[in-house]
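Report on the following structure.
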Amino acid sequence: MGKIMAIANQKGGVGKTTSAVNLSAGLAHLNHKVLVVDIDPQGNATSGLGVNKADMDQCVYNVLVEDLPAEEVCVPTEVVNLDIIPATIQLSGAEIELVSTISREIRLQKALESLKNEYDYIIIDCPPSLGLLTINALTASDTVLIPVQCEYYALEGLSQLLNTIRLVQKHLNKTLMIEGVLLTMLDARTNLGIQVIQEVKKYFQDKVYQSVIPRNIRLGEAPSHGEPIITYDPKSKGAEVYLELAKEVINNGERVG
Ligand code: ADP
Ligand code: MG
């Protein structure tokens, strides 16, 4: 049975999509079968994995709003072992359209049930909000991975996210756990980054991954080539650390499970 993991933080630009794409590619590289589910209307994970949104006439929108079976929108990527359920701009209406639908919070959970046996990991890239799309992701997931950018106010807004996680645990998904907290975009030349790491570790303790993602130009470039870092520049620091993270995720899962 596969593990479903949401990558969530309502702040934009903290490295959710970069982490969803590159952690998934790392897990796939380590011979695990992985599905990325893009539920951000911006569709950055979709294009970042080389899927052309203009070619898609169906996407995760049709699954969430129109009950289309999820397997019908799964597409393979160029990366071996890695498939994606894409998002297109069509999804931008879903947040509002879902409000009036039956069982609006559990639609993604239901949709992914039949795919859970097909993959080792299903990784959901969330939009930068705590609306119904993110609630659907948290309800469908076994765990949530929280990227935190090594910047001023890193912890700001996290209490809102943790509160939403608690509400989902209480009402929709009792077994949801925090997978881990990932520090992203560390600029090793500044003291600020080190301070933020200490602050986040004080708060989340052993939930914080050893792997800390550095600010790395190649990581920023890869999406415009439609490739994860591991194929775009396998020798880069970014590729090395995301692969380390994938190993940590696998080992943590073995320790807990
Ligand atoms: P989110 O999904 O949380 O909005 P993204 O993953 O899209 O954040 O990252 C925001 C921007 O920063 C993107 O342009 C991305 O390419 C870039 N980026 C993310 N992580 C890194 C990194 N470690 N080094 C350099 N650029 C990064
Ligand atoms: Mg994103």
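If you're wondering about the labels, chains in the structure tokens are A, B, ... by order shown, residues count from 1 in each chain, ligands from 1 in order shown.
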
Wanna dump the chain A-ligand 2 contacts at 9 Å for me, each residue with its shortest atom pair and the distance in Å to one decimal, counting only C-alpha atoms and all ligand atoms, ordered by chain and number, as a Markdown table?
```
| residue | atom | partner | partner_atom_place_in_ligand_line | distance |
| --- | --- | --- | --- | --- |
| A:Gly12 | CA | ligand 2 | 1 (Mg) | 6.8 |
| A:Gly13 | CA | ligand 2 | 1 (Mg) | 6.7 |
| A:Val14 | CA | ligand 2 | 1 (Mg) | 8.1 |
| A:Gly15 | CA | ligand 2 | 1 (Mg) | 6.9 |
| A:Lys16 | CA | ligand 2 | 1 (Mg) | 5.2 |
| A:Thr17 | CA | ligand 2 | 1 (Mg) | 4.1 |
| A:Thr18 | CA | ligand 2 | 1 (Mg) | 7.3 |
| A:Ala20 | CA | ligand 2 | 1 (Mg) | 8.6 |
| A:Asp40 | CA | ligand 2 | 1 (Mg) | 6.7 |
| A:Gln42 | CA | ligand 2 | 1 (Mg) | 7.4 |
| A:Gly43 | CA | ligand 2 | 1 (Mg) | 7.8 |
| A:Asn44 | CA | ligand 2 | 1 (Mg) | 6.0 |
| A:Ala45 | CA | ligand 2 | 1 (Mg) | 7.0 |
| A:Asp125 | CA | ligand 2 | 1 (Mg) | 6.8 |
| A:Cys126 | CA | ligand 2 | 1 (Mg) | 6.8 |
| A:Pro127 | CA | ligand 2 | 1 (Mg) | 6.0 |
| A:Pro128 | CA | ligand 2 | 1 (Mg) | 6.9 |
```

| request: Just the residues within 12 Å of region 163-168 of chain A, please, counting only C-alpha atoms, with nothing from its chain fewer than 4 positions along; format it as a ChimeraX atom specification. | output: /A:6,8-10,105-106,129-132,134-146,157-159,172-178

Output C-alpha atoms of each residue in that selection to a file, as a PDB file, in the first residue's frame.
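Saved as result26.pdb:
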```pdb
ATOM      1  CA  ALA A   6       0.874  16.366   0.924  1.00  0.00           C
ATOM      2  CA  ALA A   8       1.814  22.112   2.113  1.00  0.00           C
ATOM      3  CA  ASN A   9       2.447  25.647   3.336  1.00  0.00           C
ATOM      4  CA  GLN A  10       0.030  28.459   2.557  1.00  0.00           C
ATOM      5  CA  GLU A 105     -13.488  17.778   1.482  1.00  0.00           C
ATOM      6  CA  ILE A 106     -13.044  14.093   0.670  1.00  0.00           C
ATOM      7  CA  SER A 129      -3.638  28.707   0.447  1.00  0.00           C
ATOM      8  CA  LEU A 130      -5.523  26.809   3.120  1.00  0.00           C
ATOM      9  CA  GLY A 131      -8.689  26.553   1.024  1.00  0.00           C
ATOM     10  CA  LEU A 132     -10.633  23.508  -0.090  1.00  0.00           C
ATOM     11  CA  THR A 134      -5.371  22.035   0.412  1.00  0.00           C
ATOM     12  CA  ILE A 135      -8.034  20.582   2.747  1.00  0.00           C
ATOM     13  CA  ASN A 136      -8.674  17.879   0.130  1.00  0.00           C
ATOM     14  CA  ALA A 137      -4.944  17.120   0.039  1.00  0.00           C
ATOM     15  CA  LEU A 138      -4.648  16.908   3.838  1.00  0.00           C
ATOM     16  CA  THR A 139      -7.733  14.712   4.026  1.00  0.00           C
ATOM     17  CA  ALA A 140      -6.383  12.338   1.374  1.00  0.00           C
ATOM     18  CA  SER A 141      -2.887  12.096   2.877  1.00  0.00           C
ATOM     19  CA  ASP A 142      -1.160   9.865   5.390  1.00  0.00           C
ATOM     20  CA  THR A 143       1.356  12.594   6.150  1.00  0.00           C
ATOM     21  CA  VAL A 144       2.178  16.208   5.394  1.00  0.00           C
ATOM     22  CA  LEU A 145       5.630  17.542   4.555  1.00  0.00           C
ATOM     23  CA  ILE A 146       6.091  21.241   5.365  1.00  0.00           C
ATOM     24  CA  GLY A 157       1.993  31.672   9.374  1.00  0.00           C
ATOM     25  CA  LEU A 158       2.961  28.174  10.437  1.00  0.00           C
ATOM     26  CA  SER A 159       0.585  28.299  13.401  1.00  0.00           C
ATOM     27  CA  LEU A 172     -11.709  14.516   8.491  1.00  0.00           C
ATOM     28  CA  ASN A 173      -8.540  12.458   8.827  1.00  0.00           C
ATOM     29  CA  LYS A 174      -7.686  11.230  12.332  1.00  0.00           C
ATOM     30  CA  THR A 175      -4.476   9.497  11.288  1.00  0.00           C
ATOM     31  CA  LEU A 176      -2.835  12.418   9.455  1.00  0.00           C
ATOM     32  CA  MET A 177       0.729  12.908  10.727  1.00  0.00           C
ATOM     33  CA  ILE A 178       3.487  15.411  10.080  1.00  0.00           C
TER      34      ILE A 178
END
```

| Which residue gives the smallest distance to ligand 1 among A:Val200, A:Val75, A:Ile102, A:Leu182, with only C-alpha atoms and all ligand atoms counted? | A:Leu182

| field | Residue neighbourhood Asp187 (chain A), 7 Å, only C-alpha atoms, exclusion window fewer than 6 positions, as a list in words | value | Gly193, Pro214 and Arg215 of chain A

Create the file for the chosen residues now, containing C-alpha atoms and written as an mmCIF file, in the first residue's frame.
```cif
data_model
loop_
_atom_site.group_PDB
_atom_site.id
_atom_site.type_symbol
_atom_site.label_atom_id
_atom_site.label_comp_id
_atom_site.auth_asym_id
_atom_site.auth_seq_id
_atom_site.Cartn_x
_atom_site.Cartn_y
_atom_site.Cartn_z
ATOM 1 C CA GLY A 193 20.057 31.018 7.585
ATOM 2 C CA PRO A 214 20.560 25.139 -0.396
ATOM 3 C CA ARG A 215 19.761 28.040 -2.671
#
```

| said: Which of region 37-213 of chain A end up as strand (DSSP E or B) when DSSP is run on this backbone - answer as a PyMOL selection string? | reply: chain A and resi 37-38+75-76+82-85+121-125+143-149+177-184+186+208

| request: Go ahead and compute the interatomic distance for CA of Val241 (chain A) and CA of Val212 (chain A), in Å to one decimal. | output: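 Interatomic distance here is 7.2 Å.
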
| task | Find the spatial neighbours of Gln58 (chain A), counting only C-alpha atoms, within a cut-off of 9 Å - ignore same-chain residues fewer than 4 positions away - and output them as a list of chain:residue names. | result |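 These residues fall inside the cut-off: A:Asn62, A:Val63, A:Glu72, A:Val73, A:Pro86, A:Ala87, A:Thr88, A:Gln90.
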
| said: Give me the residues near Tyr119 (chain A) as number ranges by chain, where near means some atom within 9 Å (using only C-alpha atoms) and where sequence neighbours in that chain fewer than 5 positions away do not count. | reply: A: 1-3, 32-35

| message | I'd like to know which of A:Glu227, A:Glu118, A:Asp57, A:Glu97 is closest to ligand 1, using only C-alpha atoms and all ligand atoms. | response | A:Glu227

Might you pull out every residue within 10 Å of Val79 (chain A), with only C-alpha atoms counted and same-chain residues fewer than 4 positions away left off, and present them as a CSV table (one decimal) with C-alpha atoms, in the first residue's frame?
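As a result, around_9.csv now contains:
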```
chain,number,residue,atom,x,y,z
A,24,SER,CA,9.4,12.6,-6.3
A,25,ALA,CA,12.1,12.3,-8.9
A,28,ALA,CA,11.6,7.4,-8.5
A,29,HIS,CA,15.4,7.3,-9.1
A,49,LEU,CA,7.9,17.7,-15.1
A,50,GLY,CA,7.8,18.4,-18.8
A,83,ASP,CA,3.7,9.6,-13.3
A,227,GLU,CA,13.0,18.5,-15.9
A,228,PRO,CA,13.7,17.6,-12.3
A,230,ILE,CA,18.3,14.9,-11.1
A,231,THR,CA,18.1,14.6,-14.9
```

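In terms of minimum interatomic distance to Glu240 (chain A), A:Ser211 ranks closest within A:Lys11, A:Glu254, A:Ser211, A:Val80, counting only C-alpha atoms.
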
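The shortest atom-to-atom distance to ligand 1, with only C-alpha atoms and all ligand atoms taken into account, belongs to A:His225 out of A:Lys207, A:Lys247, A:Lys235, A:His225.
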
| field | Of the listed residues A:Leu108, A:Ile217, A:Leu245, A:Val65, that which approaches Gly180 (chain A) most closely, counting only C-alpha atoms | value |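 For Gly180 (chain A), the nearest of the candidates is A:Leu245.
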